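K.L.:
My structure is below; once you've seen it, I'll send some questions.
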Amino acid sequence: GPGVGPIGVGKDLMPHLPADPLTYKSSSEDVGPVSATNFGSASILPISWMYIQMMGEAGLRKASQVAILSANYIAQKLSPHFKILYTGKNNLIAHECIIDIRPLKESCEVEVDDIAKRLIDFGFHAPTMSFPVPGTLMIEPTESESKEELDRFCEAMISIYREIEKIRDGLFDKVDNPIKNAPH
């Protein structure tokens, strides 16, 4: 998402940071300013404020409920095929479904990047990769995703899993297969 806050770096990276546009004096050794403000883009804040104002208390509550329901729907549909991390009581999750790809890397050399590229073939942008856990995909459906779109995503992931099974079972070569060659 858009960042508005401070960025912390070690001293060895300081010479490579953009210069303050308010105090910049040209030099061949510095990076110079990158944007028009040294405090981030404050124009991003009214967007969040307007969303909150337009949704209101009931709308925000409903949006949160739908997002949590959608994430749990995805987790339940994909759990027979993929390991879901951070499940709690009754195998429920919060607003994000984290799929562990590490066992697939061990069993048949399929990695997060491979699945992300294969999802392109189904018309999906990759979910968050390797955050907050390396070797995982984090899926966060928003409140605006329809059940049809959630089902389409789950069907794509299950189709990819079936291709992974073919790699694991030796029906597809570990290097020359639809997943490793993606996107098509």
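Ordering of the structure tokens sets the chain letters (A, B, ...); residue numbers start at 1 within each chain; ligands are numbered from 1 in the order shown.
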Residues within 7 Å of Cys154 of chain A, please, as a list in words. Count only C-alpha atoms; anything in the same chain fewer than 6 positions from it doesn't count.

P.N.:
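The neighbour list is Ile74, Lys77 and Leu78 of chain A.
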
K.L.:
Got a sec: who's within 8 Å of Asn72 of chain A, counting only C-alpha atoms, leaving out chain neighbours fewer than 3 positions off, as a list of chain:residue names?

P.N.:
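Residues meeting the cut-off are A:Ile68, A:Leu69, A:Ala75, A:Gln76, A:Leu92, A:Ile93, A:Ala94, A:His95, A:Cys97.
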
K.L.:
So which residues of segment 117-156 of chain A fall under strand (DSSP E) by DSSP, listed as a ChimeraX atom specification?

P.N.:
/A:128-129,136-139

K.L.:
Counting only C-alpha atoms, which residues of segment 26-126 of chain A fall within 7 Å of segment 180-183 of chain A, and what is the closest atom pair for each with its distance in Å at one decimal, ordered by chain and rising number, as a tab-separated table?

P.N.:
residue	atom	partner	partner_atom	distance
A:Asp114	CA	A:Lys180	CA	5.8
A:Lys117	CA	A:Pro183	CA	5.3
A:Arg118	CA	A:Ala182	CA	5.0
A:Ile120	CA	A:Pro183	CA	6.1
A:Asp121	CA	A:Pro183	CA	5.7

K.L.:
So what do you get for atom CA of Ile98 of chain A versus atom CA of Thr136 of chain A, distance-wise?

P.N.:
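Result for atom CA of Ile98 of chain A versus atom CA of Thr136 of chain A: 6.4 Å, one decimal.
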
K.L.:
Nearest residue to Arg102 of chain A out of A:Leu137, A:Ser70, A:Val34, A:Pro80, using only C-alpha atoms?

P.N.:
A:Leu137

K.L.:
Would you mind reading off the distance between atom CA of Leu85 of chain A and atom CA of Leu171 of chain A, one decimal, in Å?

P.N.:
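So the two atoms, atom CA of Leu85 of chain A and atom CA of Leu171 of chain A, lie 28.6 Å apart.
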
K.L.:
Would you please give, as a PyMOL selection string, all residues of chain A that DSSP assigns to alpha helix (DSSP H) based on the backbone?

P.N.:
chain A and resi 44-78+102-108+112-120+147-168

K.L.:
Have a look at atom CA of Tyr24 of chain A and atom CA of Val9 of chain A and let me know their distance in Å, one decimal.

P.N.:
19.8 Å

K.L.:
Measuring atom to atom with only C-alpha atoms, identify which of A:Ser26, A:Ile52, A:Leu60, A:Tyr73 is nearest to Lys147 of chain A.

P.N.:
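Nearest to Lys147 of chain A: A:Tyr73.
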
K.L.:
Within 12 Å of Val112 of chain A, counting only C-alpha atoms, which residues qualify if same-chain residues fewer than 6 places away don't, as a ChimeraX atom specification?

P.N.:
/A:98-105,118-119,126-131,133-138,160,179-180
